[in-house]
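Quick look at run-v2.cif (mmCIF, C-alpha atoms):
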data_final
#
loop_
_atom_site.label_atom_id
_atom_site.label_comp_id
_atom_site.auth_asym_id
_atom_site.auth_seq_id
_atom_site.Cartn_x
_atom_site.Cartn_y
_atom_site.Cartn_z
CA MET A 1 0.00 0.00 0.00
CA PRO A 2 1.23 3.56 -0.65
CA ARG A 3 2.59 5.25 2.42
CA ASN A 4 0.68 8.17 3.94
CA GLU A 5 1.58 11.53 2.52
CA VAL A 6 3.72 13.79 4.67
CA THR A 7 1.70 16.71 5.95
CA PRO A 8 2.64 20.20 4.73
CA ALA A 9 3.87 21.14 8.22
CA LYS A 10 6.25 18.18 8.28
CA ALA A 11 7.31 18.79 4.69
CA ARG A 12 8.39 22.34 5.59
CA ARG A 13 10.37 21.29 8.67
CA ALA A 14 14.00 21.96 7.83
CA PRO A 15 15.98 20.09 10.52
CA GLY A 16 16.90 16.52 9.68
CA PRO A 17 17.08 13.60 12.11
CA SER A 18 19.11 14.06 15.26
CA ARG A 19 22.29 12.11 15.94
CA ALA A 20 20.33 9.87 18.30
CA GLU A 21 17.68 9.22 15.65
CA LEU A 22 20.37 8.36 13.11
CA GLU A 23 22.07 5.94 15.49
CA ALA A 24 18.71 4.33 16.26
CA ALA A 25 18.22 3.77 12.51
CA ARG A 26 21.17 1.34 12.21
CA ASP A 27 20.26 -2.05 10.73
CA LYS A 28 16.71 -1.00 9.85
CA VAL A 29 15.10 -2.01 6.56
CA VAL A 30 13.51 0.50 4.19
CA PRO A 31 10.66 -1.18 2.24
CA ASP A 32 11.09 -1.62 -1.51
CA VAL A 33 9.15 0.59 -3.92
CA LEU A 34 8.21 -2.23 -6.23
CA VAL A 35 5.43 -3.75 -8.31
CA GLU A 36 5.51 -6.24 -11.17
CA GLY A 37 6.58 -5.23 -14.66
CA LEU A 38 8.34 -1.90 -14.02
CA ASP A 39 10.28 -0.22 -16.81
CA VAL A 40 13.29 0.46 -14.57
CA LEU A 41 14.05 -0.82 -11.08
CA PHE A 42 16.77 1.32 -9.50
CA CYS A 43 18.93 -0.58 -7.03
CA GLY A 44 21.02 1.22 -4.41
CA ILE A 45 23.86 -0.36 -2.49
CA ASN A 46 22.06 -0.19 0.87
CA PRO A 47 20.07 2.49 2.71
CA GLY A 48 21.95 5.08 4.75
CA LEU A 49 21.02 6.10 8.27
CA ALA A 50 19.04 9.11 7.06
CA SER A 51 16.90 6.77 4.95
CA GLY A 52 16.48 4.42 7.89
CA ALA A 53 15.35 7.29 10.11
CA ALA A 54 12.98 8.70 7.47
CA GLY A 55 11.69 5.35 6.21
CA HIS A 56 12.30 6.44 2.60
CA HIS A 57 15.01 5.73 0.05
CA PHE A 58 17.74 8.24 -0.79
CA ALA A 59 16.76 10.54 2.08
CA ASN A 60 20.25 11.95 2.74
CA PRO A 61 20.21 15.63 1.69
CA GLY A 62 23.56 15.12 -0.07
CA THR A 63 22.32 12.46 -2.50
CA ARG A 64 22.14 13.32 -6.19
CA PHE A 65 19.62 10.56 -6.95
CA TRP A 66 16.50 12.72 -7.03
CA PRO A 67 18.12 15.63 -8.97
CA ALA A 68 19.59 13.19 -11.52
CA LEU A 69 16.29 11.33 -11.86
CA TYR A 70 14.49 14.58 -12.69
CA GLY A 71 17.30 16.15 -14.72
CA SER A 72 17.50 13.07 -16.94
CA GLY A 73 13.77 13.17 -17.71
CA PHE A 74 12.62 10.13 -15.72
CA THR A 75 10.25 12.27 -13.62
CA PRO A 76 8.17 15.36 -14.50
CA ARG A 77 9.51 17.23 -11.46
CA ARG A 78 12.05 16.69 -8.72
CA LEU A 79 10.46 14.35 -6.20
CA ARG A 80 11.17 14.28 -2.47
CA PRO A 81 12.07 11.02 -0.74
CA ASP A 82 8.64 10.92 0.92
CA GLU A 83 7.07 11.00 -2.57
CA GLU A 84 8.89 7.84 -3.68
CA ASP A 85 5.66 5.89 -4.20
CA GLU A 86 4.81 8.25 -7.08
CA LEU A 87 7.55 6.50 -9.03
CA LEU A 88 5.37 3.42 -9.47
CA ALA A 89 2.90 5.24 -11.74
CA LEU A 90 5.89 6.23 -13.90
CA GLY A 91 7.03 2.61 -14.23
CA LEU A 92 9.95 3.11 -11.84
CA GLY A 93 10.90 1.50 -8.52
CA ILE A 94 13.63 1.27 -5.89
CA THR A 95 15.33 -1.60 -4.09
CA ASN A 96 18.81 -2.29 -2.65
CA VAL A 97 21.54 -4.89 -2.94
CA VAL A 98 21.68 -5.13 0.87
CA ASP A 99 18.64 -4.25 2.96
CA ARG A 100 20.18 -3.16 6.26
CA THR A 101 21.02 0.48 6.91
CA THR A 102 24.57 1.63 7.71
CA ALA A 103 26.32 4.96 8.05
CA GLN A 104 28.52 4.15 5.04
CA ALA A 105 28.43 1.45 2.39
CA ASN A 106 31.97 0.33 3.30
CA GLU A 107 30.54 -1.08 6.55
CA LEU A 108 29.07 -3.93 4.52
CA THR A 109 31.05 -7.14 4.13
CA ARG A 110 31.87 -8.79 0.81
CA ALA A 111 29.77 -11.76 1.93
CA GLU A 112 26.77 -9.47 2.47
CA ALA A 113 27.19 -8.09 -1.04
CA VAL A 114 27.36 -11.57 -2.57
CA GLU A 115 24.28 -12.71 -0.65
CA GLY A 116 22.55 -9.46 -1.60
CA GLY A 117 23.30 -10.13 -5.26
CA ARG A 118 21.80 -13.59 -4.98
CA ARG A 119 18.62 -12.25 -3.36
CA LEU A 120 18.43 -9.39 -5.86
CA ARG A 121 18.53 -11.84 -8.74
CA GLY A 122 15.62 -13.77 -7.21
CA LYS A 123 13.66 -10.56 -6.65
CA VAL A 124 14.19 -9.40 -10.23
CA GLU A 125 13.19 -12.78 -11.66
CA ARG A 126 10.01 -12.64 -9.58
CA TRP A 127 8.96 -9.03 -10.31
CA ARG A 128 10.34 -8.86 -13.87
CA PRO A 129 11.26 -5.22 -14.50
CA ARG A 130 12.45 -4.51 -18.05
CA TRP A 131 15.65 -2.95 -16.72
CA LEU A 132 17.60 -3.21 -13.47
CA ALA A 133 19.81 -0.16 -12.83
CA VAL A 134 22.40 -0.81 -10.13
CA LEU A 135 23.78 2.36 -8.53
CA GLY A 136 27.40 1.72 -7.66
CA VAL A 137 30.27 0.07 -9.56
CA THR A 138 32.07 -1.45 -6.56
CA ALA A 139 28.88 -2.90 -5.11
CA PHE A 140 27.99 -4.43 -8.47
CA ARG A 141 31.43 -5.97 -8.86
CA ASP A 142 31.27 -7.44 -5.36
CA ALA A 143 27.70 -8.70 -5.65
CA PHE A 144 28.11 -10.40 -9.01
CA GLY A 145 31.83 -11.20 -9.13
CA ASP A 146 32.40 -9.12 -12.25
CA ARG A 147 35.68 -7.31 -11.59
CA ASP A 148 35.69 -5.63 -15.01
CA ALA A 149 32.17 -4.16 -14.89
CA LYS A 150 31.96 -0.53 -16.00
CA VAL A 151 29.19 2.06 -16.06
CA GLY A 152 26.68 1.40 -18.82
CA PRO A 153 24.79 -1.61 -20.20
CA GLN A 154 25.95 -5.03 -18.98
CA THR A 155 26.17 -8.28 -20.91
CA MET A 156 24.56 -10.18 -18.03
CA ALA A 157 20.80 -10.43 -17.72
CA MET A 158 18.44 -11.70 -15.04
CA GLY A 159 15.76 -13.67 -16.80
CA ASP A 160 14.28 -11.23 -19.31
CA THR A 161 15.56 -8.21 -17.37
CA ARG A 162 18.46 -6.25 -18.87
CA VAL A 163 21.03 -4.73 -16.53
CA TRP A 164 22.57 -1.24 -16.53
CA LEU A 165 25.29 -0.05 -14.16
CA LEU A 166 25.03 3.56 -12.97
CA PRO A 167 27.46 5.54 -10.80
CA ASN A 168 26.77 5.81 -7.08
CA PRO A 169 24.72 9.05 -6.66
CA SER A 170 26.10 9.71 -3.17
CA GLY A 171 27.47 13.20 -2.65
CA ARG A 172 30.68 11.50 -1.50
CA ASN A 173 31.30 10.15 -5.01
CA ALA A 174 33.58 12.92 -6.25
CA HIS A 175 34.41 11.04 -9.45
CA TRP A 176 30.99 11.87 -10.87
CA GLN A 177 29.66 15.43 -10.87
CA LEU A 178 25.92 15.98 -11.17
CA ASP A 179 25.93 16.87 -14.89
CA ALA A 180 27.79 13.69 -15.87
CA LEU A 181 25.69 11.58 -13.51
CA THR A 182 22.49 13.04 -14.95
CA GLU A 183 23.62 12.32 -18.50
CA GLU A 184 24.29 8.69 -17.59
CA PHE A 185 20.76 8.44 -16.16
CA ALA A 186 19.47 10.00 -19.39
CA ARG A 187 21.41 7.49 -21.49
CA LEU A 188 19.59 4.69 -19.68
CA ARG A 189 16.22 6.43 -20.14
CA ARG A 190 16.78 6.82 -23.87
CA THR A 191 17.97 3.22 -24.27
CA ALA A 192 14.90 2.01 -22.36
CA GLY A 193 12.72 3.95 -24.81
CA LEU A 194 11.13 6.13 -22.12
CA PRO A 195 9.95 9.70 -22.82
CA ASP A 196 11.53 12.82 -21.36
CA ARG A 197 8.90 13.63 -18.74
CA ARG A 198 10.22 17.00 -17.60
CA SER A 199 7.41 19.53 -17.65
CA ASP A 200 9.73 22.37 -18.72
CA THR A 201 11.01 20.68 -21.90
#
Could you spell out this file's structure in structure tokens?
Amino acid sequence: MPRNEVTPAKARRAPGPSRAELEAARDKVVPDVLVEGLDVLFCGINPGLASGAAGHHFANPGTRFWPALYGSGFTPRRLRPDEEDELLALGLGITNVVDRTTAQANELTRAEAVEGGRRLRGKVERWRPRWLAVLGVTAFRDAFGDRDAKVGPQTMAMGDTRVWLLPNPSGRNAHWQLDALTEEFARLRRTAGLPDRRSDT
């Protein structure tokens, strides 16, 4: 079921979660945004503490996921994390390689990544999105044992689902600035045959 909308008063509240709230969010699980037959299922590495505290994906203010998603034409406007369920009507969804929240992705073990890759494959084969877009080169290499994987379309598939590797949208990923990240998202959108949904284009 779609989550309840955030009230306007809560939406305007500027302060993020406190340090105590972030610490309490360790090892939580943020539910997938997922239905059968999506056009693109975006797959993060694992949720951060801000996402665990908020209960929504990509909730850290420093993430470039939502700006890149809009700037590349996947969404008609820039969505907030609490509006993530609106993605489903656009044929988009969100999951993660590893479910549990951590402060940083490097807190995950290689074994967790491998197990996460196995579970992700099963999830994809069950829900059958047209494309799986994994956000993070290192996580992809660890999860699927492909040491040579590079950003872009992959030769591997999961059932009928094609796989695309995107850069990690974290603000800590200095190798990819927002413009280049957005263009890579747009390259996936064009390859998937999806329209540019931006209302100002």
Margin query: as a count of residues only, please: the residues near stretch 86-90 of chain A (cut-off 9 Å, all atoms listed in the file, same-chain neighbours under 2 positions excluded).
Written below: 14
Next item on the list: Evaluate the PyMOL selection byres ((chain A and resi 143-155) around 12) here and jot the selected residues down as JSON, numbers by chain.
Entry: {"A": [45, 96, 97, 98, 108, 109, 110, 111, 112, 113, 114, 115, 116, 117, 118, 119, 120, 121, 131, 132, 133, 134, 135, 136, 137, 138, 139, 140, 141, 142, 156, 157, 158, 161, 162, 163, 164, 165, 166, 167, 168, 176, 180, 181, 183, 184, 185, 186, 187, 188, 189, 191, 192]}
Note to self: Please report the interatomic distance between atom CA of A:Trp66 and atom CA of A:Thr182 in Å with one decimal.
What the structure shows: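 Value for the atom CA of A:Trp66-atom CA of A:Thr182 distance: 9.9 Å.
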Can you tell me, as AutoDock Vina command-line options, the centre and edge lengths (Å, one decimal) of the axis-aligned box enclosing all of stretch 135-154 of chain A's listed atoms after padding each side by 6 Å?
--center_x 29.7 --center_y -4.4 --center_z -12.7 --size_x 23.9 --size_y 25.6 --size_z 27.1
Next item on the list: Using the chain letters and numbers from the file, give me the residues hit by the PyMOL selection byres ((chain A and resi 62) around 12), as a ChimeraX atom specification.
Entry: /A:16,48,50-51,58-61,63-67,169-174,178
Output file for the selection above: C-alpha atoms, as an mmCIF file, keeping the file's coordinate frame:
data_model
loop_
_atom_site.group_PDB
_atom_site.id
_atom_site.type_symbol
_atom_site.label_atom_id
_atom_site.label_comp_id
_atom_site.auth_asym_id
_atom_site.auth_seq_id
_atom_site.Cartn_x
_atom_site.Cartn_y
_atom_site.Cartn_z
ATOM 1 C CA GLY A 16 16.900 16.520 9.680
ATOM 2 C CA GLY A 48 21.950 5.080 4.750
ATOM 3 C CA ALA A 50 19.040 9.110 7.060
ATOM 4 C CA SER A 51 16.900 6.770 4.950
ATOM 5 C CA PHE A 58 17.740 8.240 -0.790
ATOM 6 C CA ALA A 59 16.760 10.540 2.080
ATOM 7 C CA ASN A 60 20.250 11.950 2.740
ATOM 8 C CA PRO A 61 20.210 15.630 1.690
ATOM 9 C CA THR A 63 22.320 12.460 -2.500
ATOM 10 C CA ARG A 64 22.140 13.320 -6.190
ATOM 11 C CA PHE A 65 19.620 10.560 -6.950
ATOM 12 C CA TRP A 66 16.500 12.720 -7.030
ATOM 13 C CA PRO A 67 18.120 15.630 -8.970
ATOM 14 C CA PRO A 169 24.720 9.050 -6.660
ATOM 15 C CA SER A 170 26.100 9.710 -3.170
ATOM 16 C CA GLY A 171 27.470 13.200 -2.650
ATOM 17 C CA ARG A 172 30.680 11.500 -1.500
ATOM 18 C CA ASN A 173 31.300 10.150 -5.010
ATOM 19 C CA ALA A 174 33.580 12.920 -6.250
ATOM 20 C CA LEU A 178 25.920 15.980 -11.170
#
Checklist line | Option closest in space to A:Arg197, from A:Leu49, A:Leu69, A:Val29, A:Cys43 [counting all atoms listed in the file] | finding: A:Leu69
Check: Any idea what the distance is between atom CA of A:Ala54 and atom CA of A:Gln104?
Finding: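 Those two atoms sit 16.4 Å apart.
What separates atom CA of A:Asp196 from atom CA of A:Val40 is a distance of 14.2 Å.
If you measure from each of A:Asp27, A:Asp160, A:His56, A:Ala105 to A:Arg128 using all atoms listed in the file, the closest one turns out to be A:Asp160.
Using only C-alpha atoms, the nearest neighbour of A:Pro195 within the list A:Pro47, A:Gly52, A:Pro76, A:Pro81 is A:Pro76.
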Note to self: Taking all atoms listed in the file into account, name the residue in A:Gly73, A:Ala53, A:Arg126, A:Arg190 that is nearest to A:Ala20.
What the structure shows: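 Of A:Gly73, A:Ala53, A:Arg126, A:Arg190, the one nearest A:Ala20 is A:Ala53, counting all atoms listed in the file.
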Please return stretch 81-96 of chain A, rebuilt to N, CA, C and O atoms, as a tab-separated table (two decimals), keeping the file's coordinate frame.
chain	number	residue	atom	x	y	z
A	81	PRO	N	12.06	12.42	-1.16
A	81	PRO	CA	12.07	11.02	-0.74
A	81	PRO	C	10.71	10.52	-0.26
A	81	PRO	O	10.35	9.37	-0.54
A	82	ASP	N	9.94	11.37	0.42
A	82	ASP	CA	8.64	10.92	0.92
A	82	ASP	C	7.59	10.78	-0.19
A	82	ASP	O	6.48	10.30	0.06
A	83	GLU	N	7.96	11.17	-1.42
A	83	GLU	CA	7.07	11.00	-2.57
A	83	GLU	C	7.49	9.81	-3.43
A	83	GLU	O	7.02	9.66	-4.56
A	84	GLU	N	8.33	8.94	-2.90
A	84	GLU	CA	8.89	7.84	-3.68
A	84	GLU	C	7.84	6.92	-4.29
A	84	GLU	O	8.06	6.35	-5.37
A	85	ASP	N	6.69	6.78	-3.65
A	85	ASP	CA	5.66	5.89	-4.20
A	85	ASP	C	5.08	6.42	-5.52
A	85	ASP	O	4.48	5.65	-6.27
A	86	GLU	N	5.28	7.71	-5.80
A	86	GLU	CA	4.81	8.25	-7.08
A	86	GLU	C	5.60	7.68	-8.26
A	86	GLU	O	5.16	7.77	-9.41
A	87	LEU	N	6.76	7.11	-7.97
A	87	LEU	CA	7.55	6.50	-9.03
A	87	LEU	C	6.82	5.35	-9.70
A	87	LEU	O	6.99	5.10	-10.90
A	88	LEU	N	6.02	4.62	-8.94
A	88	LEU	CA	5.37	3.42	-9.47
A	88	LEU	C	4.48	3.74	-10.67
A	88	LEU	O	4.46	2.98	-11.65
A	89	ALA	N	3.77	4.85	-10.62
A	89	ALA	CA	2.90	5.24	-11.74
A	89	ALA	C	3.71	5.61	-12.97
A	89	ALA	O	3.18	5.64	-14.09
A	90	LEU	N	5.00	5.90	-12.79
A	90	LEU	CA	5.89	6.23	-13.90
A	90	LEU	C	6.65	5.00	-14.40
A	90	LEU	O	7.51	5.10	-15.28
A	91	GLY	N	6.35	3.83	-13.82
A	91	GLY	CA	7.03	2.61	-14.23
A	91	GLY	C	8.40	2.44	-13.62
A	91	GLY	O	9.24	1.70	-14.14
A	92	LEU	N	8.64	3.13	-12.48
A	92	LEU	CA	9.95	3.11	-11.84
A	92	LEU	C	9.82	2.57	-10.42
A	92	LEU	O	8.76	2.66	-9.80
A	93	GLY	N	10.91	2.01	-9.88
A	93	GLY	CA	10.90	1.50	-8.52
A	93	GLY	C	12.28	1.57	-7.91
A	93	GLY	O	13.26	1.94	-8.58
A	94	ILE	N	12.37	1.22	-6.62
A	94	ILE	CA	13.63	1.27	-5.89
A	94	ILE	C	13.77	0.03	-5.01
A	94	ILE	O	12.81	-0.35	-4.31
A	95	THR	N	14.96	-0.55	-5.02
A	95	THR	CA	15.33	-1.60	-4.09
A	95	THR	C	16.80	-1.40	-3.73
A	95	THR	O	17.40	-0.39	-4.10
A	96	ASN	N	17.40	-2.37	-3.04
A	96	ASN	CA	18.81	-2.29	-2.65
A	96	ASN	C	19.47	-3.65	-2.78
A	96	ASN	O	18.80	-4.69	-2.67
